[in-house]
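Okay, data.pdb is below, PDB, C-alpha atoms:
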```
ATOM      1  CA  ASP A1040       0.000   0.000   0.000
ATOM      2  CA  ALA A1041       2.824   2.416   0.885
ATOM      3  CA  GLY A1042       4.584   1.627  -2.384
ATOM      4  CA  ALA A1043       1.436   2.460  -4.315
ATOM      5  CA  SER A1044       1.140   5.777  -2.450
ATOM      6  CA  ILE A1045       4.503   6.939  -3.852
ATOM      7  CA  GLY A1046       3.805   5.615  -7.350
ATOM      8  CA  LEU A1047       5.555   2.266  -6.960
ATOM      9  CA  SER A1048       2.667  -0.110  -7.568
ATOM     10  CA  LEU A1049       3.528  -3.760  -6.931
ATOM     11  CA  PRO A1050       1.487  -6.955  -7.244
ATOM     12  CA  LYS A1051      -0.350  -8.054  -4.101
ATOM     13  CA  SER A1052      -0.431 -11.795  -4.761
ATOM     14  CA  LYS A1053       1.487 -14.514  -6.606
ATOM     15  CA  GLU A1054      -1.393 -14.687  -9.083
ATOM     16  CA  GLN A1055      -0.946 -10.975  -9.856
ATOM     17  CA  VAL A1056       2.781 -11.508 -10.324
ATOM     18  CA  ASP A1057       2.211 -14.353 -12.791
ATOM     19  CA  HIS A1058      -0.604 -12.501 -14.537
ATOM     20  CA  GLY A1059       1.183  -9.183 -14.853
ATOM     21  CA  CYS A1060       4.554 -10.601 -15.891
ATOM     22  CA  ARG A1061       3.239 -13.053 -18.467
ATOM     23  CA  ALA A1062       3.842 -10.628 -21.334
ATOM     24  CA  PHE A1063       7.461 -10.078 -20.308
ATOM     25  CA  SER A1064       8.509 -13.659 -19.606
ATOM     26  CA  LYS A1065       9.140 -14.614 -23.244
ATOM     27  CA  PRO A1066      11.453 -12.094 -24.912
ATOM     28  CA  GLY A1067      12.026 -14.315 -27.945
ATOM     29  CA  PRO A1068       9.975 -14.372 -31.157
ATOM     30  CA  VAL A1069       6.271 -15.055 -30.793
ATOM     31  CA  CYS A1070       4.620 -18.130 -32.311
ATOM     32  CA  ALA A1071       8.111 -19.555 -32.813
ATOM     33  CA  ASP A1072       6.746 -23.061 -33.346
ATOM     34  CA  SER A1073       4.461 -22.018 -36.181
ATOM     35  CA  THR A1074       5.277 -23.533 -39.562
ATOM     36  CA  ASN A1075       3.393 -20.799 -41.407
ATOM     37  CA  PRO A1076       5.963 -18.362 -42.843
ATOM     38  CA  MET A1077       3.305 -15.653 -43.209
ATOM     39  CA  ILE A1078       2.112 -15.623 -39.608
ATOM     40  CA  SER A1079       4.429 -12.748 -38.732
ATOM     41  CA  VAL A1080       2.319 -10.507 -40.965
ATOM     42  CA  VAL A1081      -0.288 -10.708 -38.193
ATOM     43  CA  THR A1082       1.851 -11.221 -35.083
ATOM     44  CA  ASP A1083       3.942  -8.130 -35.840
ATOM     45  CA  PHE A1084       0.910  -5.946 -35.180
ATOM     46  CA  SER A1085       1.244  -6.722 -31.470
ATOM     47  CA  PRO A1086       3.739  -9.350 -30.269
ATOM     48  CA  SER A1087       2.530  -8.788 -26.690
ATOM     49  CA  CYS A1088      -0.895 -10.114 -27.638
ATOM     50  CA  PHE A1089       0.620 -13.418 -28.741
ATOM     51  CA  ARG A1090       2.819 -13.622 -25.648
ATOM     52  CA  ARG A1091      -0.290 -13.282 -23.514
ATOM     53  CA  CYS A1092      -2.254 -15.734 -25.686
ATOM     54  CA  PRO A1093       0.209 -18.253 -27.170
ATOM     55  CA  GLN A1094      -2.640 -20.712 -27.704
ATOM     56  CA  ILE A1095      -3.875 -18.684 -30.679
ATOM     57  CA  CYS A1096      -0.672 -19.225 -32.684
ATOM     58  CA  GLU A1097      -1.605 -22.592 -34.190
ATOM     59  CA  PRO A1098      -5.220 -21.743 -35.157
ATOM     60  CA  LEU A1099      -4.047 -18.358 -36.439
ATOM     61  CA  GLY A1100      -1.594 -20.100 -38.762
ATOM     62  CA  THR A1101      -4.465 -22.185 -40.103
ATOM     63  CA  LEU A1102      -6.545 -19.036 -40.563
ATOM     64  CA  VAL A1103      -3.770 -17.229 -42.442
ATOM     65  CA  THR A1104      -3.403 -20.241 -44.759
ATOM     66  CA  ALA A1105      -7.171 -20.240 -45.347
ATOM     67  CA  TYR A1106      -7.097 -16.505 -46.070
ATOM     68  CA  LEU A1107      -4.319 -16.865 -48.628
ATOM     69  CA  SER A1108      -6.076 -19.716 -50.436
ATOM     70  CA  ASP A1109      -9.588 -18.264 -50.301
ATOM     71  CA  PRO A1110     -10.243 -14.777 -48.857
ATOM     72  CA  ASN A1111     -14.012 -15.251 -49.122
ATOM     73  CA  PRO A1112     -15.495 -14.020 -45.791
ATOM     74  CA  GLU A1113     -17.739 -17.060 -45.326
ATOM     75  CA  SER A1114     -14.859 -19.478 -45.927
ATOM     76  CA  LEU A1115     -12.763 -17.581 -43.384
ATOM     77  CA  GLN A1116     -15.610 -17.590 -40.882
ATOM     78  CA  GLY A1117     -15.845 -21.346 -41.248
ATOM     79  CA  ALA A1118     -12.089 -21.761 -40.767
ATOM     80  CA  PHE A1119     -12.206 -19.536 -37.681
ATOM     81  CA  CYS A1120     -15.203 -21.273 -36.139
ATOM     82  CA  ALA A1121     -13.627 -24.699 -36.625
ATOM     83  CA  ASN A1122     -11.300 -23.812 -33.729
ATOM     84  CA  ALA A1123     -12.570 -20.585 -32.183
ATOM     85  CA  GLU A1124     -12.048 -21.311 -28.481
ATOM     86  CA  PRO A1125      -8.332 -20.324 -28.289
ATOM     87  CA  PHE A1126      -9.147 -16.860 -29.665
ATOM     88  CA  THR A1127     -11.345 -16.006 -26.670
ATOM     89  CA  CYS A1128      -8.129 -15.320 -24.761
ATOM     90  CA  MET A1129      -7.834 -12.130 -26.827
ATOM     91  CA  PHE A1130     -10.828 -10.651 -25.007
ATOM     92  CA  GLU A1131      -9.582 -11.278 -21.469
ATOM     93  CA  VAL A1132      -8.822  -8.184 -19.400
ATOM     94  CA  ASP A1133      -5.034  -8.477 -19.475
ATOM     95  CA  ALA A1134      -4.933  -9.124 -23.239
ATOM     96  CA  ALA A1135      -7.756  -7.036 -24.693
ATOM     97  CA  GLU A1136      -5.815  -3.790 -25.193
ATOM     98  CA  GLU A1137      -2.875  -5.375 -27.006
ATOM     99  CA  CYS A1138      -4.980  -7.852 -28.951
ATOM    100  CA  SER A1139      -7.351  -5.126 -30.151
ATOM    101  CA  LYS A1140      -4.429  -3.899 -32.282
ATOM    102  CA  VAL A1141      -4.338  -7.280 -34.005
ATOM    103  CA  LEU A1142      -8.093  -7.370 -34.539
ATOM    104  CA  ASP A1143      -8.185  -3.825 -35.957
ATOM    105  CA  ALA A1144      -5.184  -4.437 -38.201
ATOM    106  CA  GLY A1145      -6.569  -7.769 -39.397
ATOM    107  CA  ALA A1146      -9.787  -6.068 -40.465
ATOM    108  CA  SER A1147      -7.759  -3.494 -42.423
ATOM    109  CA  ILE A1148      -6.230  -6.216 -44.616
ATOM    110  CA  GLY A1149      -9.475  -8.120 -45.044
ATOM    111  CA  LEU A1150      -8.892 -10.689 -42.274
ATOM    112  CA  SER A1151     -11.851  -9.719 -40.121
ATOM    113  CA  LEU A1152     -12.091 -11.383 -36.704
ATOM    114  CA  PRO A1153     -14.726 -11.084 -33.958
ATOM    115  CA  LYS A1154     -14.022  -8.410 -31.351
ATOM    116  CA  SER A1155     -15.780  -9.976 -28.371
ATOM    117  CA  LYS A1156     -16.721 -13.375 -26.963
ATOM    118  CA  GLU A1157     -20.338 -12.549 -27.815
ATOM    119  CA  GLN A1158     -19.403 -11.949 -31.458
ATOM    120  CA  VAL A1159     -17.576 -15.287 -31.539
ATOM    121  CA  ASP A1160     -20.651 -17.124 -30.236
ATOM    122  CA  HIS A1161     -23.004 -15.211 -32.518
ATOM    123  CA  GLY A1162     -20.882 -15.502 -35.646
ATOM    124  CA  CYS A1163     -20.100 -19.184 -35.191
ATOM    125  CA  ARG A1164     -23.662 -20.238 -34.466
ATOM    126  CA  ALA A1165     -24.239 -20.962 -38.151
ATOM    127  CA  PHE A1166     -21.243 -23.314 -38.271
ATOM    128  CA  SER A1167     -22.096 -25.329 -35.173
ATOM    129  CA  LYS A1168     -24.752 -27.356 -37.003
ATOM    130  CA  PRO A1169     -23.083 -29.109 -39.947
ATOM    131  CA  GLY A1170     -26.107 -31.300 -40.636
ATOM    132  CA  PRO A1171     -28.879 -30.602 -43.149
ATOM    133  CA  VAL A1172     -30.877 -27.418 -42.740
ATOM    134  CA  CYS A1173     -34.616 -27.406 -42.008
ATOM    135  CA  ALA A1174     -34.259 -31.110 -41.195
ATOM    136  CA  ASP A1175     -37.619 -31.166 -39.382
ATOM    137  CA  SER A1176     -39.535 -29.855 -42.377
ATOM    138  CA  THR A1177     -42.072 -32.236 -43.872
ATOM    139  CA  ASN A1178     -42.076 -30.395 -47.197
ATOM    140  CA  PRO A1179     -39.975 -32.410 -49.679
ATOM    141  CA  MET A1180     -39.567 -29.375 -51.936
ATOM    142  CA  ILE A1181     -38.084 -27.032 -49.327
ATOM    143  CA  SER A1182     -34.518 -27.915 -50.357
ATOM    144  CA  VAL A1183     -35.183 -26.180 -53.682
ATOM    145  CA  VAL A1184     -34.983 -22.936 -51.672
ATOM    146  CA  THR A1185     -32.600 -23.851 -48.842
ATOM    147  CA  ASP A1186     -29.928 -25.024 -51.290
ATOM    148  CA  PHE A1187     -29.452 -21.435 -52.460
ATOM    149  CA  SER A1188     -27.760 -20.663 -49.130
ATOM    150  CA  PRO A1189     -27.765 -23.247 -46.316
ATOM    151  CA  SER A1190     -25.955 -20.730 -44.098
ATOM    152  CA  CYS A1191     -28.975 -18.442 -44.201
ATOM    153  CA  PHE A1192     -31.174 -21.174 -42.743
ATOM    154  CA  ARG A1193     -28.598 -22.120 -40.128
ATOM    155  CA  ARG A1194     -28.578 -18.513 -38.980
ATOM    156  CA  CYS A1195     -32.366 -18.259 -39.117
ATOM    157  CA  PRO A1196     -33.827 -21.717 -38.416
ATOM    158  CA  GLN A1197     -37.126 -20.111 -37.417
ATOM    159  CA  ILE A1198     -37.960 -19.464 -41.068
ATOM    160  CA  CYS A1199     -38.015 -23.173 -41.990
ATOM    161  CA  GLU A1200     -41.595 -23.885 -40.973
ATOM    162  CA  PRO A1201     -43.193 -20.780 -42.546
ATOM    163  CA  LEU A1202     -41.039 -21.271 -45.641
ATOM    164  CA  GLY A1203     -42.425 -24.781 -46.038
ATOM    165  CA  THR A1204     -45.929 -23.324 -45.915
ATOM    166  CA  LEU A1205     -44.946 -20.712 -48.492
ATOM    167  CA  VAL A1206     -43.475 -23.327 -50.847
ATOM    168  CA  THR A1207     -46.673 -25.357 -50.585
ATOM    169  CA  ALA A1208     -48.729 -22.233 -51.340
ATOM    170  CA  TYR A1209     -46.539 -21.466 -54.347
ATOM    171  CA  LEU A1210     -46.952 -24.973 -55.782
ATOM    172  CA  SER A1211     -50.727 -24.884 -55.409
ATOM    173  CA  ASP A1212     -51.223 -21.285 -56.558
ATOM    174  CA  PRO A1213     -48.280 -19.222 -57.854
ATOM    175  CA  ASN A1214     -50.429 -16.105 -58.062
ATOM    176  CA  PRO A1215     -48.378 -13.240 -56.482
ATOM    177  CA  GLU A1216     -51.300 -11.919 -54.442
ATOM    178  CA  SER A1217     -52.017 -15.340 -52.970
ATOM    179  CA  LEU A1218     -48.332 -15.768 -52.096
ATOM    180  CA  GLN A1219     -48.250 -12.352 -50.464
ATOM    181  CA  GLY A1220     -51.172 -13.379 -48.273
ATOM    182  CA  ALA A1221     -49.482 -16.644 -47.326
ATOM    183  CA  PHE A1222     -46.307 -14.780 -46.453
ATOM    184  CA  CYS A1223     -48.025 -12.082 -44.400
ATOM    185  CA  ALA A1224     -49.929 -14.686 -42.396
ATOM    186  CA  ASN A1225     -46.638 -15.473 -40.622
ATOM    187  CA  ALA A1226     -44.110 -12.826 -41.622
ATOM    188  CA  GLU A1227     -42.320 -12.260 -38.294
ATOM    189  CA  PRO A1228     -39.811 -15.175 -38.537
ATOM    190  CA  PHE A1229     -38.548 -13.861 -41.876
ATOM    191  CA  THR A1230     -37.261 -10.618 -40.294
ATOM    192  CA  CYS A1231     -34.226 -12.612 -39.137
ATOM    193  CA  MET A1232     -33.064 -12.634 -42.764
ATOM    194  CA  PHE A1233     -32.373  -8.898 -42.587
ATOM    195  CA  GLU A1234     -30.258  -8.931 -39.432
ATOM    196  CA  VAL A1235     -26.619  -7.938 -39.843
ATOM    197  CA  ASP A1236     -25.112 -11.404 -39.431
ATOM    198  CA  ALA A1237     -27.635 -13.013 -41.811
ATOM    199  CA  ALA A1238     -28.324 -10.399 -44.483
ATOM    200  CA  GLU A1239     -25.484 -11.283 -46.859
ATOM    201  CA  GLU A1240     -26.243 -15.001 -47.003
ATOM    202  CA  CYS A1241     -30.025 -14.588 -46.971
ATOM    203  CA  SER A1242     -29.896 -12.084 -49.832
ATOM    204  CA  LYS A1243     -28.896 -15.059 -52.021
ATOM    205  CA  VAL A1244     -32.165 -16.758 -51.115
ATOM    206  CA  LEU A1245     -34.215 -13.626 -51.711
ATOM    207  CA  ASP A1246     -32.567 -12.939 -55.068
ATOM    208  CA  ALA A1247     -32.956 -16.546 -56.185
ATOM    209  CA  GLY A1248     -36.564 -16.621 -55.062
ATOM    210  CA  ALA A1249     -37.285 -13.549 -57.168
ATOM    211  CA  SER A1250     -35.634 -15.184 -60.185
ATOM    212  CA  ILE A1251     -38.034 -18.141 -60.055
ATOM    213  CA  GLY A1252     -41.100 -16.053 -59.295
TER     214      GLY A1252
END
```
Representation of the structure as structure tokens:
Amino acid sequence: DAGASIGLSLPKSKEQVDHGCRAFSKPGPVCADSTNPMISVVTDFSPSCFRRCPQICEPLGTLVTAYLSDPNPESLQGAFCANAEPFTCMFEVDAAEECSKVLDAGASIGLSLPKSKEQVDHGCRAFSKPGPVCADSTNPMISVVTDFSPSCFRRCPQICEPLGTLVTAYLSDPNPESLQGAFCANAEPFTCMFEVDAAEECSKVLDAGASIG
């Protein structure tokens, strides 16, 4: 307490010593065991982040490789979500400030990563169900629509049931006014398609639907 009063703030427990000194205990290169020669492009943004969270080195190398082979955002999201847990270290109190430099810099070169644990959970929700979409639907024709973008239906599973009803209505009476009535009878679930994390994928469904009437 006296040390703190004269500006010499010292840890007050062994845990605080270990926690506070973690970033300074490894003066060598970060992610030294990585076999990805391009990983330094990311680690150089903030070596301290990777000293605090060495567990992200291996999955980051995989992500960099995925980015170089296919920079498509959905492909990268899938690669990230395949092993997202190590990255949550970046949001812990003692790492957040340094790791935010990595996240901001990554976004600037097109390698966009979540910036909170909540964003990780939200963004990876669509990739946690690798099975068929709308699996409970009894409409055998629903796949004609879901195949346009399975990710849309993984993000918005609540649209499966009303979509099945809409497909049935379309097959029995493709009149636009009749379809509009069938849609409006249960429109609320479809609003999910316009949310930020779903809009891009679901626009493929909407565009395709318009192309077939």
For this file, the PyMOL selection byres ((chain A and resi 1226-1243) around 12) selects which residues, as a ChimeraX atom specification?
-> /A:1112-1113,1116,1153,1158-1165,1184-1202,1204-1205,1218-1225,1244-1250
With 3 Å added on each side, what axis-aligned box encloses every listed atom of range 1208-1212 of chain A? Give the centre and edge lengths in Å to one decimal, as AutoDock Vina command-line options.
```
--center_x -48.9 --center_y -23.1 --center_z -53.9 --size_x 10.7 --size_y 9.7 --size_z 11.2
```
If you count only C-alpha atoms, the residue of A:Phe1130, A:Thr1207, A:Ser1052, A:Phe1089 closest to Val1069 in chain A turns out to be A:Phe1089
May I ask for the distance between CA of Ala1146 in chain A and CA of Phe1084 in chain A, given in Å to one decimal place?
-> 11.9 Å
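Take the candidates A:Thr1177, A:Thr1082, A:Asn1075, A:Ser1155 and check each one against Met1129 in chain A using only C-alpha atoms; the shortest distance goes to A:Ser1155.
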Counting all atoms listed in the file, figure out which residue out of A:Cys1120, A:Asp1143, A:Leu1115, A:Gly1203 gets nearest to Val1103 in chain A.
-> A:Leu1115
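Taking CA of Cys1070 in chain A and CA of Cys1096 in chain A as the two end points, the separation is 5.4 Å.
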Distance in Å - CA of Ile1078 in chain A versus CA of Tyr1106 in chain A = 11.3 Å
Which residues, written as JSON, numbers by chain, have at least one atom at most 12 Å from Ala1071 in chain A, with only C-alpha atoms counted and residues fewer than 3 positions away on the same chain left out?
-> {"A": [1065, 1066, 1067, 1068, 1074, 1075, 1076, 1078, 1079, 1082, 1086, 1089, 1090, 1093, 1094, 1096, 1097, 1100]}
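If you apply the PyMOL selection byres ((chain A and resi 1098) around 10) to this structure, you end up with Ser1073, Gln1094, Ile1095, Cys1096, Glu1097, Leu1099, Gly1100, Thr1101, Leu1102, Val1103, Thr1104, Ala1118, Phe1119, Ala1121, Asn1122, Ala1123, Glu1124, Pro1125 and Phe1126 of chain A.
Across A:Val1081, A:Val1206, A:Cys1092, A:Val1132, the tightest approach to Ser1147 in chain A is made by A:Val1081 when counting only C-alpha atoms.
Closest approach to Ala1105 in chain A from the set A:Pro1179, A:Tyr1209, A:Lys1156, A:Gly1117 is made by A:Gly1117, with distances taken over all atoms listed in the file.
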Using all atoms listed in the file, which of the listed residues (A:Cys1138, A:Ser1151, A:Ser1182, A:Ser1211) sits closest to Ser1114 in chain A?
-> A:Ser1151
